[in-house]
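Dumped upload_26.cif below, it's mmCIF, C-alpha atoms and all ligand atoms; chains and numbers go by the auth columns:
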data_run
#
loop_
_atom_site.group_PDB
_atom_site.id
_atom_site.type_symbol
_atom_site.label_atom_id
_atom_site.label_comp_id
_atom_site.label_asym_id
_atom_site.label_seq_id
_atom_site.Cartn_x
_atom_site.Cartn_y
_atom_site.Cartn_z
_atom_site.B_iso_or_equiv
_atom_site.auth_seq_id
_atom_site.auth_asym_id
ATOM 1 C CA MET A 1 122.378 86.220 89.969 0.00 116 A
ATOM 2 C CA ALA A 2 119.756 83.571 89.081 0.00 117 A
ATOM 3 C CA ALA A 3 118.102 85.813 86.492 0.00 118 A
ATOM 4 C CA PRO A 4 114.339 85.537 85.946 0.00 119 A
ATOM 5 C CA LYS A 5 113.111 85.519 82.345 0.00 120 A
ATOM 6 C CA ILE A 6 111.761 89.043 82.700 0.00 121 A
ATOM 7 C CA LEU A 7 111.738 91.494 85.596 0.00 122 A
ATOM 8 C CA PHE A 8 108.538 93.570 85.526 0.00 123 A
ATOM 9 C CA TRP A 9 108.572 96.965 87.206 0.00 124 A
ATOM 10 C CA GLY A 10 105.824 99.202 88.517 0.00 125 A
ATOM 11 C CA ALA A 11 105.684 102.308 90.672 0.00 126 A
ATOM 12 C CA ASP A 12 103.355 105.122 91.626 0.00 127 A
ATOM 13 C CA HIS A 13 104.405 108.791 91.634 0.00 128 A
ATOM 14 C CA ALA A 14 106.262 108.330 94.932 0.00 129 A
ATOM 15 C CA GLY A 15 108.306 105.481 93.499 0.00 130 A
ATOM 16 C CA PHE A 16 108.756 106.829 89.978 0.00 131 A
ATOM 17 C CA GLU A 17 112.239 108.346 90.314 0.00 132 A
ATOM 18 C CA LEU A 18 113.652 105.400 92.206 0.00 133 A
ATOM 19 C CA LYS A 19 112.145 103.008 89.647 0.00 134 A
ATOM 20 C CA GLN A 20 113.849 104.857 86.797 0.00 135 A
ATOM 21 C CA LYS A 21 117.236 104.707 88.522 0.00 136 A
ATOM 22 C CA LEU A 22 116.855 101.040 89.428 0.00 137 A
ATOM 23 C CA ILE A 23 115.776 100.045 85.911 0.00 138 A
ATOM 24 C CA GLU A 24 118.792 101.916 84.519 0.00 139 A
ATOM 25 C CA HIS A 25 120.962 99.755 86.753 0.00 140 A
ATOM 26 C CA PHE A 26 119.223 96.384 86.366 0.00 141 A
ATOM 27 C CA LYS A 27 118.620 96.522 82.617 0.00 142 A
ATOM 28 C CA LYS A 28 122.358 95.900 82.166 0.00 143 A
ATOM 29 C CA LYS A 29 121.889 92.506 83.827 0.00 144 A
ATOM 30 C CA ILE A 30 118.370 91.304 83.023 0.00 145 A
ATOM 31 C CA ILE A 31 115.445 91.955 80.717 0.00 146 A
ATOM 32 C CA CYS A 32 113.387 94.677 82.375 0.00 147 A
ATOM 33 C CA GLU A 33 109.869 95.664 81.366 0.00 148 A
ATOM 34 C CA ASP A 34 108.582 98.938 82.760 0.00 149 A
ATOM 35 C CA LEU A 35 104.804 99.014 83.296 0.00 150 A
ATOM 36 C CA GLY A 36 104.738 102.592 84.591 0.00 151 A
ATOM 37 C CA THR A 37 104.031 105.028 85.995 0.00 152 A
ATOM 38 C CA ASN A 38 105.926 107.281 83.621 0.00 153 A
ATOM 39 C CA SER A 39 106.051 110.553 85.538 0.00 154 A
ATOM 40 C CA SER A 40 105.917 112.042 89.029 0.00 155 A
ATOM 41 C CA GLU A 41 102.285 113.058 88.505 0.00 156 A
ATOM 42 C CA SER A 42 100.016 111.737 91.233 0.00 157 A
ATOM 43 C CA CYS A 43 98.525 108.314 90.470 0.00 158 A
ATOM 44 C CA ASP A 44 97.145 105.267 92.259 0.00 159 A
ATOM 45 C CA TYR A 45 99.487 102.440 93.280 0.00 160 A
ATOM 46 C CA PRO A 46 96.899 99.608 92.934 0.00 161 A
ATOM 47 C CA ASP A 47 96.791 100.168 89.160 0.00 162 A
ATOM 48 C CA PHE A 48 100.479 99.352 88.809 0.00 163 A
ATOM 49 C CA ALA A 49 100.420 96.553 91.373 0.00 164 A
ATOM 50 C CA GLU A 50 97.672 94.887 89.342 0.00 165 A
ATOM 51 C CA SER A 51 99.516 95.319 86.017 0.00 166 A
ATOM 52 C CA VAL A 52 102.769 93.880 87.339 0.00 167 A
ATOM 53 C CA ALA A 53 101.031 91.033 89.170 0.00 168 A
ATOM 54 C CA LYS A 54 99.146 89.976 86.036 0.00 169 A
ATOM 55 C CA LYS A 55 102.273 90.117 83.887 0.00 170 A
ATOM 56 C CA VAL A 56 104.193 88.010 86.398 0.00 171 A
ATOM 57 C CA LEU A 57 101.431 85.388 86.383 0.00 172 A
ATOM 58 C CA ASP A 58 101.268 85.395 82.580 0.00 173 A
ATOM 59 C CA ASN A 59 105.024 84.981 82.162 0.00 174 A
ATOM 60 C CA SER A 60 106.180 81.853 83.924 0.00 175 A
ATOM 61 C CA GLY A 61 109.541 82.305 85.647 0.00 176 A
ATOM 62 C CA SER A 62 109.324 86.074 85.676 0.00 177 A
ATOM 63 C CA LEU A 63 109.472 88.268 88.776 0.00 178 A
ATOM 64 C CA GLY A 64 108.317 91.766 89.669 0.00 179 A
ATOM 65 C CA VAL A 65 109.408 94.824 91.605 0.00 180 A
ATOM 66 C CA LEU A 66 106.882 97.369 92.870 0.00 181 A
ATOM 67 C CA ILE A 67 107.779 100.719 94.387 0.00 182 A
ATOM 68 C CA CYS A 68 105.559 103.165 96.242 0.00 183 A
ATOM 69 C CA GLY A 69 106.325 105.445 99.180 0.00 184 A
ATOM 70 C CA THR A 70 106.528 102.635 101.710 0.00 185 A
ATOM 71 C CA GLY A 71 106.142 99.442 99.672 0.00 186 A
ATOM 72 C CA LEU A 72 103.085 98.651 101.787 0.00 187 A
ATOM 73 C CA GLY A 73 100.256 99.737 99.516 0.00 188 A
ATOM 74 C CA MET A 74 101.876 97.970 96.591 0.00 189 A
ATOM 75 C CA SER A 75 102.224 94.723 98.544 0.00 190 A
ATOM 76 C CA MET A 76 98.641 94.889 99.819 0.00 191 A
ATOM 77 C CA ALA A 77 97.300 95.419 96.314 0.00 192 A
ATOM 78 C CA ALA A 78 99.539 92.846 94.602 0.00 193 A
ATOM 79 C CA ASN A 79 98.634 90.183 97.166 0.00 194 A
ATOM 80 C CA LYS A 80 94.972 90.545 96.204 0.00 195 A
ATOM 81 C CA VAL A 81 95.768 89.141 92.770 0.00 196 A
ATOM 82 C CA HIS A 82 95.063 85.420 92.927 0.00 197 A
ATOM 83 C CA GLY A 83 98.312 83.442 92.892 0.00 198 A
ATOM 84 C CA ILE A 84 100.625 86.306 93.790 0.00 199 A
ATOM 85 C CA ARG A 85 102.888 86.375 96.812 0.00 200 A
ATOM 86 C CA ALA A 86 104.377 89.835 97.300 0.00 201 A
ATOM 87 C CA GLY A 87 106.437 91.102 100.220 0.00 202 A
ATOM 88 C CA ALA A 88 107.463 94.593 101.294 0.00 203 A
ATOM 89 C CA VAL A 89 111.020 94.621 102.618 0.00 204 A
ATOM 90 C CA SER A 90 113.551 97.108 103.958 0.00 205 A
ATOM 91 C CA GLU A 91 116.637 94.899 104.239 0.00 206 A
ATOM 92 C CA THR A 92 118.369 92.130 102.340 0.00 207 A
ATOM 93 C CA PHE A 93 117.674 89.258 104.750 0.00 208 A
ATOM 94 C CA SER A 94 113.909 89.593 104.287 0.00 209 A
ATOM 95 C CA ALA A 95 114.358 90.055 100.531 0.00 210 A
ATOM 96 C CA GLU A 96 116.265 86.772 100.394 0.00 211 A
ATOM 97 C CA MET A 97 113.776 84.944 102.626 0.00 212 A
ATOM 98 C CA ALA A 98 110.851 86.202 100.536 0.00 213 A
ATOM 99 C CA ARG A 99 112.216 83.923 97.792 0.00 214 A
ATOM 100 C CA ARG A 100 113.792 81.100 99.834 0.00 215 A
ATOM 101 C CA HIS A 101 110.911 80.447 102.217 0.00 216 A
ATOM 102 C CA ASN A 102 107.858 82.172 100.702 0.00 217 A
ATOM 103 C CA ASP A 103 108.527 81.828 96.975 0.00 218 A
ATOM 104 C CA ALA A 104 107.426 85.436 96.515 0.00 219 A
ATOM 105 C CA GLN A 105 107.253 86.512 92.892 0.00 220 A
ATOM 106 C CA ILE A 106 107.112 90.239 93.678 0.00 221 A
ATOM 107 C CA LEU A 107 109.314 92.388 95.871 0.00 222 A
ATOM 108 C CA CYS A 108 107.955 95.721 97.102 0.00 223 A
ATOM 109 C CA VAL A 109 110.147 98.537 98.345 0.00 224 A
ATOM 110 C CA GLY A 110 109.495 102.044 99.635 0.00 225 A
ATOM 111 C CA SER A 111 111.130 105.051 98.017 0.00 226 A
ATOM 112 C CA ARG A 112 110.573 107.013 101.229 0.00 227 A
ATOM 113 C CA VAL A 113 112.156 104.237 103.254 0.00 228 A
ATOM 114 C CA LEU A 114 115.201 103.095 101.270 0.00 229 A
ATOM 115 C CA SER A 115 118.046 104.796 99.446 0.00 230 A
ATOM 116 C CA PHE A 116 118.893 103.710 95.900 0.00 231 A
ATOM 117 C CA ASP A 117 121.726 101.516 97.192 0.00 232 A
ATOM 118 C CA LYS A 118 119.617 99.812 99.864 0.00 233 A
ATOM 119 C CA ALA A 119 116.786 99.156 97.409 0.00 234 A
ATOM 120 C CA ARG A 120 119.298 97.842 94.842 0.00 235 A
ATOM 121 C CA GLU A 121 120.785 95.485 97.446 0.00 236 A
ATOM 122 C CA CYS A 122 117.323 94.171 98.373 0.00 237 A
ATOM 123 C CA ILE A 123 116.453 93.521 94.731 0.00 238 A
ATOM 124 C CA GLU A 124 119.800 91.838 94.116 0.00 239 A
ATOM 125 C CA ALA A 125 119.234 89.555 97.101 0.00 240 A
ATOM 126 C CA PHE A 126 115.732 88.742 95.850 0.00 241 A
ATOM 127 C CA LEU A 127 116.985 87.911 92.344 0.00 242 A
ATOM 128 C CA ALA A 128 119.907 85.835 93.598 0.00 243 A
ATOM 129 C CA THR A 129 117.706 83.495 95.641 0.00 244 A
ATOM 130 C CA GLU A 130 115.502 80.523 94.732 0.00 245 A
ATOM 131 C CA LEU A 131 112.798 78.747 96.712 0.00 246 A
ATOM 132 C CA ASP A 132 114.357 76.096 98.992 0.00 247 A
ATOM 133 C CA ILE A 133 112.664 73.058 97.458 0.00 248 A
ATOM 134 C CA GLU A 134 114.796 70.655 99.535 0.00 249 A
ATOM 135 C CA ASN A 135 112.737 71.515 102.552 0.00 250 A
ATOM 136 C CA PRO A 136 109.133 70.264 102.328 0.00 251 A
ATOM 137 C CA ARG A 137 107.932 72.514 105.128 0.00 252 A
ATOM 138 C CA HIS A 138 108.231 75.593 102.926 0.00 253 A
ATOM 139 C CA LEU A 139 106.134 74.011 100.191 0.00 254 A
ATOM 140 C CA ARG A 140 103.593 72.845 102.769 0.00 255 A
ATOM 141 C CA ARG A 141 103.245 76.391 104.099 0.00 256 A
ATOM 142 C CA ILE A 142 102.952 77.886 100.633 0.00 257 A
ATOM 143 C CA HIS A 143 100.221 75.356 99.874 0.00 258 A
ATOM 144 C CA LYS A 144 98.439 76.526 103.016 0.00 259 A
ATOM 145 C CA ILE A 145 98.591 80.096 101.743 0.00 260 A
ATOM 146 C CA GLN A 146 97.075 78.858 98.488 0.00 261 A
ATOM 147 C CA ARG A 147 94.349 77.049 100.407 0.00 262 A
ATOM 148 C CA ILE A 148 93.445 80.210 102.292 0.00 263 A
ATOM 149 C CA GLU A 149 93.285 81.974 98.941 0.00 264 A
ATOM 150 C CA GLU A 150 90.960 79.286 97.551 0.00 265 A
ATOM 151 C CA ASN A 151 88.739 78.704 100.568 0.00 266 A
ATOM 152 C CA GLY A 152 89.197 81.637 102.898 0.00 267 A
ATOM 153 C CA ALA A 153 90.450 79.370 105.729 0.00 268 A
ATOM 154 C CA THR A 154 92.737 76.425 106.453 0.00 269 A
ATOM 155 C CA SER A 155 91.164 73.177 107.611 0.00 270 A
ATOM 156 C CA ASP A 156 94.130 71.823 109.612 0.00 271 A
HETATM 157 C C1 LIG B . 101.559 108.084 98.111 0.00 301 B
HETATM 158 O O1 LIG B . 101.611 109.301 98.755 0.00 301 B
HETATM 159 C C2 LIG B . 101.725 106.929 99.110 0.00 301 B
HETATM 160 O O2 LIG B . 100.625 106.822 99.915 0.00 301 B
HETATM 161 C C3 LIG B . 102.006 105.626 98.370 0.00 301 B
HETATM 162 O O3 LIG B . 103.128 105.796 97.586 0.00 301 B
HETATM 163 C C4 LIG B . 102.311 104.401 99.216 0.00 301 B
HETATM 164 O O4 LIG B . 103.309 104.663 100.144 0.00 301 B
HETATM 165 C C5 LIG B . 101.167 103.692 99.767 0.00 301 B
HETATM 166 O O5 LIG B . 101.322 102.628 100.373 0.00 301 B
#
For this file, produce the structure as structure tokens.
Amino acid sequence: MAAPKILFWGADHAGFELKQKLIEHFKKKIICEDLGTNSSESCDYPDFAESVAKKVLDNSGSLGVLICGTGLGMSMAANKVHGIRAGAVSETFSAEMARRHNDAQILCVGSRVLSFDKARECIEAFLATELDIENPRHLRRIHKIQRIEENGATSD
């Protein structure tokens, strides 16, 4: 596993239990920082997406995991934070490609979609993979994402 410096975690009420179980597992392998939520009481996923996204940006080389019911709301919210690339996945191939091709810093999973083992496998695949810097087309495409973020549109 190519361990990041810190793995930041966030979940809403739907993802709380799965987050606790996953942190219990992953803290044996990497430094984990839990940014909440801390109970199954109803809360709003964008709050945790924002916290994790900001921490990831502030800590170079770190990565994040966000868990809500589907992973979708978390990914939508995290991707609104300038500089963040977050992807919601349900299987290991996409988790791996999120790093290799898209250089995603945050993986989002759904507690109502994946079992503990499937979510664990996706996170392991994400952590074990680096951006493929040998291939300039991936960097070119990531730069185009950044240009959309800066300007709202690509010019070529
Ligand atoms: C909460 O019920 C649910 O809407 C949330 O966890 C998430 O799935 C949203 O995308």
Which residue out of A:Gly202, A:Gly267, A:Pro251, A:Gly184 has the minimum interatomic distance to ligand LIG 301 (chain B) when only C-alpha atoms and all ligand atoms are used?
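When distances to ligand LIG 301 (chain B) are compared using only C-alpha atoms and all ligand atoms, the smallest one comes from A:Gly184.
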Could you list the protein, DNA and RNA residues that have any atom within 9 Å of ligand LIG 301 (chain B), counting all atoms listed in the file, and write them as a PyMOL selection string?
chain A and resi 126-130+157-160+182-191+225-227
With distances taken over only C-alpha atoms, which of A:Asp232, A:Glu148, A:Glu265, A:Asn217 is nearest to Arg252 (chain A)?
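Looking at the shortest contact to Arg252 (chain A), the residue is A:Asn217.
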For Pro161 (chain A), which residue out of A:Arg235, A:Lys259, A:Lys144, A:Lys195 is the nearest one, using all atoms listed in the file?
A:Lys195
Out of A:Asn174, A:Lys233, A:Ser155, A:Asp162, which residue has the shortest atom-to-atom distance to Phe123 (chain A) when counting all atoms listed in the file?
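Using all atoms listed in the file, Phe123 (chain A) sits closest to A:Asn174.
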Which distance in Å separates CA of Leu246 (chain A) and CA of Arg200 (chain A), to one decimal?
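One can read the CA of Leu246 (chain A) to CA of Arg200 (chain A) distance as 12.5 Å.
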Mind telling me what the PyMOL selection byres (((chain A and resi 119) around 8) and not hetatm) catches here, as a compact mmCIF listing (two decimals) with C-alpha atoms, in the frame of the given file?
# COMPACT_ATOMS: atom_id res chain seq x y z
CA ALA A 117 119.76 83.57 89.08
CA ALA A 118 118.10 85.81 86.49
CA LYS A 120 113.11 85.52 82.34
CA ILE A 121 111.76 89.04 82.70
CA LEU A 122 111.74 91.49 85.60
CA ILE A 145 118.37 91.30 83.02
CA GLY A 176 109.54 82.30 85.65
CA SER A 177 109.32 86.07 85.68
CA LEU A 178 109.47 88.27 88.78
CA LEU A 242 116.98 87.91 92.34
Kindly resolve the PyMOL selection byres (((chain A and resi 216) around 8) and not hetatm) on the present coordinates and return the residues as a list in words.
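Written out, the selection comes to Met212, Ala213, Arg214, Arg215, Asn217, Asp218, Leu246, Asp247 and His253 of chain A.
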Could you check how far CA of Cys223 (chain A) sits from CA of Glu249 (chain A), in Å to one decimal?
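Interatomic distance, CA of Cys223 (chain A) to CA of Glu249 (chain A): 26.1 Å.
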I need the residue nearest His197 (chain A) from this list: A:Thr152, A:Thr244, A:Gln261, A:Gln220. Use all atoms listed in the file for the distance.
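Once distances to His197 (chain A) are computed over all atoms listed in the file, the minimum belongs to A:Gln261.
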Find the residue from A:Val224, A:Glu211, A:Glu206, A:Asp173 that sits nearest to Gly125 (chain A); use only C-alpha atoms when measuring.
A:Val224
What is the distance between CA of Leu222 (chain A) and CA of Val180 (chain A), in Å to one decimal?
4.9 Å
